[in-house]
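A.B. asks: Got a file for you: query.txt, compact mmCIF, C-alpha atoms and all ligand atoms.
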# COMPACT_ATOMS: atom_id res chain seq x y z
CA MET A 259 89.20 -33.68 48.44
CA THR A 260 86.63 -31.01 47.46
CA LEU A 261 82.82 -31.02 47.64
CA ARG A 262 82.60 -31.37 43.87
CA SER A 263 84.89 -34.38 43.79
CA VAL A 264 82.91 -36.15 46.52
CA ASP A 265 79.70 -35.54 44.68
CA ALA A 266 81.23 -36.78 41.45
CA MET A 267 82.47 -39.87 43.22
CA HIS A 268 79.00 -40.50 44.64
CA ARG A 269 77.33 -40.06 41.27
CA THR A 270 79.84 -42.34 39.59
CA GLU A 271 79.06 -45.04 42.12
CA MET A 272 75.34 -44.73 41.46
CA HIS A 273 75.57 -44.60 37.70
CA SER A 274 77.95 -47.47 37.49
CA ALA A 275 75.38 -49.86 38.84
CA GLU A 276 73.95 -52.18 36.23
CA THR A 277 70.34 -51.75 37.41
CA ARG A 278 69.18 -48.41 38.72
CA ILE A 279 66.86 -48.39 41.75
CA CYS A 280 64.63 -45.83 43.49
CA HIS A 281 66.53 -43.30 45.63
CA PHE A 282 64.08 -43.63 48.50
CA PRO A 283 65.80 -45.38 51.44
CA GLY A 284 64.95 -49.08 51.55
CA CYS A 285 63.17 -49.09 48.15
CA ASP A 286 64.57 -51.37 45.44
CA ARG A 287 62.03 -50.72 42.68
CA PRO A 288 63.17 -49.20 39.39
CA PRO A 289 62.69 -45.46 38.88
CA VAL A 290 59.94 -44.26 36.54
CA PRO A 291 61.48 -43.85 33.04
CA THR A 292 62.25 -40.21 32.22
CA THR A 293 60.24 -38.69 29.38
CA GLY A 294 60.75 -35.52 27.38
CA GLY A 295 64.53 -35.43 27.83
CA GLY A 296 64.51 -33.48 31.12
CA GLN A 297 66.40 -34.32 34.30
CA ARG A 298 66.66 -38.05 35.07
CA ASN A 299 63.93 -39.47 37.22
CA GLU A 300 65.42 -41.12 40.31
CA TYR A 301 62.28 -42.38 42.03
CA CYS A 302 59.80 -45.18 41.46
CA GLU A 303 56.01 -44.78 40.77
CA ASP A 304 55.18 -44.75 44.53
CA PRO A 305 53.71 -41.24 45.12
CA GLN A 306 55.30 -41.22 48.58
CA HIS A 307 58.79 -41.64 47.07
CA THR A 308 59.64 -38.05 46.22
CA PRO A 309 62.98 -36.29 46.65
CA LEU A 310 61.77 -34.34 49.68
CA LYS A 311 60.31 -37.36 51.46
CA ALA A 312 63.41 -39.41 50.63
CA TYR A 313 65.58 -36.71 52.14
CA ARG A 314 63.53 -36.69 55.34
CA ALA A 315 63.64 -40.48 55.55
CA ARG A 316 67.42 -40.45 55.13
CA LYS A 317 67.75 -37.69 57.69
CA LYS A 318 65.77 -39.70 60.15
CA LEU A 319 68.00 -42.76 59.64
CA GLN A 320 71.16 -40.66 59.97
CA ASP A 321 69.95 -39.01 63.15
CA LYS A 322 69.15 -42.39 64.58
CA ALA A 323 72.62 -43.67 63.70
CA ALA A 324 74.18 -40.53 65.15
CA ARG A 325 72.33 -40.98 68.40
CA GLN A 326 73.42 -44.60 68.62
CA ALA A 327 77.01 -43.54 67.92
CA ALA A 328 76.84 -40.83 70.58
CA LYS A 329 75.69 -43.39 73.11
CA GLN A 330 78.88 -45.41 72.63
CA PRO A 331 81.75 -42.90 72.57
CA GLN A 332 84.93 -44.54 71.36
CA PRO A 333 88.34 -43.44 72.53
CA VAL A 334 90.14 -41.43 69.88
CA THR A 335 93.34 -43.28 69.21
CA ARG A 336 93.94 -42.05 65.64
CA PRO A 337 92.73 -38.43 65.43
CA VAL A 338 93.75 -37.85 61.78
CA THR A 339 92.04 -40.94 60.46
CA GLN A 340 89.04 -40.15 62.61
CA ALA A 341 88.83 -36.54 61.31
CA ALA A 342 89.20 -37.71 57.70
CA GLY A 343 86.36 -40.18 58.19
CA ASP A 344 84.20 -37.47 59.76
CA MET A 345 84.94 -35.15 56.85
CA ALA A 346 83.95 -37.81 54.32
CA SER A 347 80.64 -38.37 56.06
CA LEU A 348 80.06 -34.59 56.30
CA PHE A 349 80.76 -34.18 52.58
CA HIS A 350 78.36 -37.01 51.94
CA ARG A 351 75.71 -35.17 53.93
CA VAL A 352 76.37 -31.93 52.01
CA ALA A 353 75.92 -33.81 48.74
CA GLU A 354 72.69 -35.20 49.99
CA MET A 355 71.51 -31.76 51.04
CA ARG A 356 72.37 -30.48 47.56
CA ASP A 357 70.31 -33.30 46.03
CA GLU A 358 67.53 -32.39 48.40
CA LEU A 359 67.61 -28.75 47.33
CA LEU A 360 67.69 -29.69 43.67
CA ALA A 361 64.70 -31.97 44.17
CA THR A 362 62.80 -29.26 45.98
CA PHE A 363 63.54 -26.72 43.25
CA GLU A 364 62.39 -29.25 40.68
CA GLU A 365 59.09 -29.61 42.48
CA ILE A 366 58.78 -25.83 42.76
CA GLY A 367 59.50 -25.63 39.03
CA THR A 368 56.71 -28.04 38.08
CA ARG A 369 54.23 -26.13 40.26
CA ALA A 370 55.45 -22.75 38.97
CA ALA A 371 54.92 -23.99 35.44
CA VAL A 372 51.29 -24.71 36.31
CA VAL A 373 50.81 -21.43 38.19
CA THR A 374 52.25 -19.32 35.35
CA ASP A 375 50.76 -21.21 32.39
CA PRO A 376 48.45 -18.62 30.72
CA ALA A 377 46.38 -21.34 29.06
CA MET A 378 45.81 -23.10 32.38
CA ILE A 379 45.09 -19.78 34.13
CA THR A 380 42.56 -18.90 31.42
CA ALA A 381 41.05 -22.37 31.60
CA GLU A 382 40.74 -22.18 35.39
CA ILE A 383 39.23 -18.69 35.25
CA GLU A 384 36.77 -19.96 32.65
CA ALA A 385 35.94 -22.96 34.86
CA ILE A 386 35.41 -20.68 37.87
CA LYS A 387 33.24 -18.39 35.77
CA ARG A 388 31.25 -21.38 34.47
CA ASP A 389 30.74 -22.67 38.01
CA ALA A 390 29.65 -19.20 39.13
CA GLU A 391 27.30 -18.88 36.17
CA ILE A 392 25.83 -22.33 36.90
CA GLN A 393 25.36 -21.39 40.55
CA ILE A 394 23.74 -18.08 39.58
CA ALA A 395 21.47 -19.85 37.08
CA GLU A 396 20.53 -22.47 39.68
CA ALA A 397 19.80 -19.78 42.26
CA GLU A 398 17.71 -17.88 39.71
CA ALA A 399 15.82 -21.05 38.79
CA ALA A 400 15.20 -21.80 42.47
CA ARG A 401 13.97 -18.23 43.00
CA LEU A 402 11.63 -18.48 40.00
CA ALA A 403 10.35 -21.87 41.19
CA ALA A 404 9.69 -20.40 44.65
CA GLU A 405 7.88 -17.45 43.05
CA ARG A 406 5.79 -19.85 40.95
CA ARG A 407 4.94 -21.89 44.05
CA ALA A 408 4.00 -18.73 45.96
CA LEU A 409 1.85 -17.56 43.04
CA ALA A 410 0.15 -20.96 42.77
CA ALA A 411 -0.51 -20.98 46.52
CA GLU A 412 -1.96 -17.47 46.30
CA GLN A 413 -4.17 -18.51 43.38
CA THR A 414 -5.34 -21.62 45.22
CA ARG A 415 -6.17 -19.50 48.27
CA ASP A 416 -8.08 -16.96 46.14
CA GLU A 417 -10.01 -19.76 44.45
CA ALA A 418 -10.84 -21.31 47.83
CA LEU A 419 -12.05 -17.93 49.11
CA ALA A 420 -14.17 -17.37 45.99
CA GLU A 421 -15.66 -20.86 46.33
CA ARG A 422 -16.43 -20.18 49.98
CA ASP A 423 -18.16 -16.90 49.05
CA GLU A 424 -20.16 -18.65 46.34
CA ALA A 425 -21.16 -21.41 48.74
CA THR A 426 -22.22 -18.82 51.33
CA ALA A 427 -24.28 -16.94 48.73
CA ALA A 428 -25.89 -20.18 47.56
CA ALA A 429 -26.72 -21.13 51.14
CA GLU A 430 -28.24 -17.69 51.80
CA GLU A 431 -30.25 -17.97 48.58
CA ALA A 432 -31.47 -21.42 49.57
CA ILE A 433 -32.46 -20.17 53.04
CA ALA A 434 -34.33 -17.22 51.49
CA GLU A 435 -36.13 -19.58 49.11
CA LEU A 436 -36.97 -21.87 52.00
CA ASP A 437 -38.37 -18.92 53.96
CA ALA A 438 -40.42 -17.87 50.92
CA ARG A 439 -41.75 -21.42 50.54
CA GLU A 440 -42.58 -21.55 54.23
CA GLN A 441 -44.40 -18.21 53.95
CA GLN A 442 -46.22 -19.46 50.87
CA LEU A 443 -47.17 -22.67 52.70
CA THR A 444 -48.43 -20.67 55.68
CA GLU A 445 -50.51 -18.50 53.36
CA MET A 446 -51.81 -21.55 51.51
CA THR A 447 -52.71 -23.24 54.80
CA ALA A 448 -54.52 -20.07 55.94
CA ASP A 449 -56.35 -19.90 52.60
CA ARG A 450 -57.31 -23.55 52.87
CA ASP A 451 -58.54 -23.08 56.45
CA ARG A 452 -60.49 -20.00 55.40
CA ILE A 453 -62.04 -21.82 52.42
CA VAL A 454 -62.96 -24.82 54.61
CA HIS A 455 -64.49 -22.48 57.18
CA GLU A 456 -66.40 -20.55 54.51
CA SER A 457 -67.57 -23.78 52.88
CA ARG A 458 -68.81 -25.06 56.23
CA ASN A 459 -70.61 -21.79 56.88
CA ALA A 460 -72.12 -21.79 53.40
CA LEU A 461 -73.21 -25.41 53.81
CA HIS A 462 -74.70 -24.65 57.21
CA GLN A 463 -76.50 -21.62 55.82
CA LEU A 464 -77.72 -23.63 52.86
CA ARG A 465 -79.03 -26.31 55.17
CA GLU A 466 -80.80 -23.73 57.31
CA GLU A 467 -82.24 -22.00 54.29
CA THR A 468 -83.35 -25.30 52.79
CA GLY A 469 -84.91 -26.30 56.12
CA ALA A 470 -86.73 -22.97 56.39
CA GLU A 471 -87.91 -23.27 52.82
CA ILE A 472 -89.19 -26.79 53.40
CA GLN A 473 -90.88 -25.62 56.56
CA ALA A 474 -92.41 -22.64 54.77
CA ARG A 475 -93.61 -24.88 51.98
CA GLU A 476 -95.09 -27.34 54.42
CA HIS A 477 -96.72 -24.47 56.25
CA ALA A 478 -98.09 -23.10 53.00
CA GLU A 479 -99.33 -26.55 52.04
CA ALA A 480 -100.94 -26.91 55.43
CA GLU A 481 -102.50 -23.50 55.06
CA ARG A 482 -103.72 -24.41 51.63
CA ASP A 483 -105.15 -27.69 52.88
CA LYS A 484 -106.75 -25.84 55.73
CA ALA A 485 -108.18 -23.27 53.33
CA ARG A 486 -109.46 -26.04 51.09
CA LEU A 487 -110.95 -27.73 54.09
CA GLY A 488 -112.60 -24.41 55.08
CA GLU A 489 -113.82 -23.95 51.54
CA THR A 490 -115.28 -27.44 51.46
CA ALA A 491 -116.92 -26.84 54.83
CA ALA A 492 -118.30 -23.52 53.62
CA LEU A 493 -119.69 -25.13 50.47
CA GLN A 494 -121.15 -27.89 52.55
CA LYS A 495 -122.64 -25.27 54.85
CA LEU A 496 -123.93 -23.43 51.82
CA ASP A 497 -125.39 -26.62 50.47
CA ASP A 498 -126.91 -27.35 53.85
CA LEU A 499 -128.36 -23.84 54.00
CA HIS A 500 -129.68 -24.22 50.53
CA VAL A 501 -131.26 -27.46 51.44
CA GLN A 502 -132.69 -25.92 54.55
CA HIS A 503 -133.99 -23.00 52.55
CA GLU A 504 -135.43 -25.30 50.03
CA ALA A 505 -137.04 -27.27 52.77
CA LYS A 506 -138.35 -24.16 54.50
CA LEU A 507 -139.57 -22.74 51.27
CA HIS A 508 -141.16 -25.92 50.42
CA ALA A 509 -142.64 -26.10 53.82
CA LEU A 510 -143.73 -22.51 53.56
CA LEU A 511 -145.21 -22.96 50.20
CA SER A 512 -147.07 -26.00 51.40
CA GLY A 513 -148.29 -24.12 54.49
CA GLN A 514 -149.46 -21.09 52.43
CA GLN A 515 -151.46 -23.28 50.20
CA ILE A 516 -153.11 -24.73 53.16
CA THR A 517 -153.66 -21.33 54.69
CA GLY A 518 -154.69 -19.81 51.35
CA GLU A 519 -157.17 -22.43 50.88
CA ALA A 520 -158.27 -21.53 54.27
CA LEU A 521 -158.13 -17.78 53.83
CA ASN A 522 -159.14 -17.62 50.12
CA GLY A 523 -155.62 -17.45 49.12
CA ASP A 524 -155.20 -13.96 50.48
CA SER A 525 -151.53 -13.41 51.13
CA PRO A 526 -149.42 -10.17 51.28
CA LYS A 527 -146.58 -12.10 49.70
CA ASP A 528 -148.56 -12.71 46.60
CA ASP A 529 -149.38 -9.01 46.11
CA GLY A 530 -146.65 -8.59 43.58
CA ARG A 531 -147.91 -11.49 41.42
ZN ZN B 1 60.90 -46.11 45.59
For the structure just supplied, provide its representation as structure tokens.
Ligand SMILES: [Zn+2]
C.D. replies:
Amino acid sequence: MTLRSVDAMHRTEMHSAETRICHFPGCDRPPVPTTGGGQRNEYCEDPQHTPLKAYRARKKLQDKAARQAAKQPQPVTRPVTQAAGDMASLFHRVAEMRDELLATFEEIGTRAAVVTDPAMITAEIEAIKRDAEIQIAEAEAARLAAERRALAAEQTRDEALAERDEATAAAEEAIAELDAREQQLTEMTADRDRIVHESRNALHQLREETGAEIQAREHAEAERDKARLGETAALQKLDDLHVQHEAKLHALLSGQQITGEALNGDSPKDDGR
């Protein structure tokens, strides 16, 4: 019995079954139908049920069985039969290993098809380029936004500084104006005080002058009255004297007449007559 014949026997057994099942150990679901006319699909839709994983699962079961068999060594009574049985199981393992290799190559093939597909390579390169371009554009946008923010902050700071300068200038101007007003007020107060003082002085002087004038007038009036009085007295005196003279003359004339009568009217005073 050759390796090929064992494999053929194994395949015949599998294919003869009415309903095909998944090759994964312990799985009884139907394999996924083959499409595109390639190699037959032997496994169900479970993603864990792949040729490689099935091989490992089988290997694990076989190792376990082998260990159990080794634990209970049986006396060899029929060496030929025993050796033939061993050979059959070894050929079975070889067939399985071949299936395993074929499955692995199949998987390599599907991946190689992807890796070597020019359209897919181009598409992936384009996608990578697009991603890179998007990242570059995003970085550029972020940089521009940061620059804008920095510029805005700078502008805000400049505006704040300008406003501060303006406020300082306005405050200085207001202080200067206040000083000027204060100076003006001081001058006005001094002027007012001076005017009040001068007015008082003028009033005082006026009063004094008026008083002196009144006094002088009164004095003059008194002098005038006195003079009038003197004049009246003098006139009176003159009148009195006149009267006296008249009286004397009269008396004299009367006496002369008497004397003249006595002395024949001889009188030196009448020489001029
Ligand atoms: Zn399965």
A.B. asks: Please produce, as JSON lines, a per-residue contact table for chain A versus ligand ZN 1 (chain B) (criterion: any atom at most 12 Å away, all atoms listed in the file considered), showing the nearest atom pair and its distance in Å to one decimal, sorted by chain then residue number.
C.D. replies:
{"residue": "A:Arg278", "atom": "CA", "partner": "B:ZN1", "partner_atom": "ZN", "distance": 11.0}
{"residue": "A:Ile279", "atom": "CA", "partner": "B:ZN1", "partner_atom": "ZN", "distance": 7.4}
{"residue": "A:Cys280", "atom": "CA", "partner": "B:ZN1", "partner_atom": "ZN", "distance": 4.3}
{"residue": "A:His281", "atom": "CA", "partner": "B:ZN1", "partner_atom": "ZN", "distance": 6.3}
{"residue": "A:Phe282", "atom": "CA", "partner": "B:ZN1", "partner_atom": "ZN", "distance": 5.0}
{"residue": "A:Pro283", "atom": "CA", "partner": "B:ZN1", "partner_atom": "ZN", "distance": 7.7}
{"residue": "A:Gly284", "atom": "CA", "partner": "B:ZN1", "partner_atom": "ZN", "distance": 7.8}
{"residue": "A:Cys285", "atom": "CA", "partner": "B:ZN1", "partner_atom": "ZN", "distance": 4.5}
{"residue": "A:Asp286", "atom": "CA", "partner": "B:ZN1", "partner_atom": "ZN", "distance": 6.4}
{"residue": "A:Arg287", "atom": "CA", "partner": "B:ZN1", "partner_atom": "ZN", "distance": 5.6}
{"residue": "A:Pro288", "atom": "CA", "partner": "B:ZN1", "partner_atom": "ZN", "distance": 7.3}
{"residue": "A:Pro289", "atom": "CA", "partner": "B:ZN1", "partner_atom": "ZN", "distance": 7.0}
{"residue": "A:Val290", "atom": "CA", "partner": "B:ZN1", "partner_atom": "ZN", "distance": 9.3}
{"residue": "A:Asn299", "atom": "CA", "partner": "B:ZN1", "partner_atom": "ZN", "distance": 11.1}
{"residue": "A:Glu300", "atom": "CA", "partner": "B:ZN1", "partner_atom": "ZN", "distance": 8.6}
{"residue": "A:Tyr301", "atom": "CA", "partner": "B:ZN1", "partner_atom": "ZN", "distance": 5.3}
{"residue": "A:Cys302", "atom": "CA", "partner": "B:ZN1", "partner_atom": "ZN", "distance": 4.4}
{"residue": "A:Glu303", "atom": "CA", "partner": "B:ZN1", "partner_atom": "ZN", "distance": 7.0}
{"residue": "A:Asp304", "atom": "CA", "partner": "B:ZN1", "partner_atom": "ZN", "distance": 6.0}
{"residue": "A:Pro305", "atom": "CA", "partner": "B:ZN1", "partner_atom": "ZN", "distance": 8.7}
{"residue": "A:Gln306", "atom": "CA", "partner": "B:ZN1", "partner_atom": "ZN", "distance": 8.0}
{"residue": "A:His307", "atom": "CA", "partner": "B:ZN1", "partner_atom": "ZN", "distance": 5.2}
{"residue": "A:Thr308", "atom": "CA", "partner": "B:ZN1", "partner_atom": "ZN", "distance": 8.2}
{"residue": "A:Pro309", "atom": "CA", "partner": "B:ZN1", "partner_atom": "ZN", "distance": 10.1}
{"residue": "A:Lys311", "atom": "CA", "partner": "B:ZN1", "partner_atom": "ZN", "distance": 10.6}
{"residue": "A:Ala312", "atom": "CA", "partner": "B:ZN1", "partner_atom": "ZN", "distance": 8.8}
{"residue": "A:Ala315", "atom": "CA", "partner": "B:ZN1", "partner_atom": "ZN", "distance": 11.8}
A.B. asks: Using CA of Glu364 in chain A and CA of Gln297 in chain A as the two end points, give the distance in Å to one decimal.
C.D. replies: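 Straight-line distance from CA of Glu364 in chain A to CA of Gln297 in chain A works out to 9.1 Å.
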A.B. asks: As JSON, what would the box around range 336-342 of chain A look like: edges along x, y and z, 8 Å added on every side, centre and edge lengths in Å to one decimal?
C.D. replies:
{"center_x": 91.4, "center_y": -39.3, "center_z": 61.7, "size_x": 21.1, "size_y": 21.5, "size_z": 23.9}
A.B. asks: Any idea what's packed within 12 Å of Glu354 in chain A, counting all atoms listed in the file, ignoring anything in its chain fewer than 2 positions away? Could you give it as a VMD selection string?
C.D. replies: chain A and resid 261 264 to 265 268 to 269 281 309 to 310 312 to 317 320 347 to 352 356 to 361
A.B. asks: Distance CA of Ala399 in chain A-CA of Glu382 in chain A, one decimal place?
C.D. replies: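 It comes out at 25.2 Å.
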A.B. asks: Just the number, please: distance in Å from CA of Thr368 in chain A to CA of Glu384 in chain A, one decimal.
C.D. replies: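 Between these atoms lies a distance of 22.2 Å.
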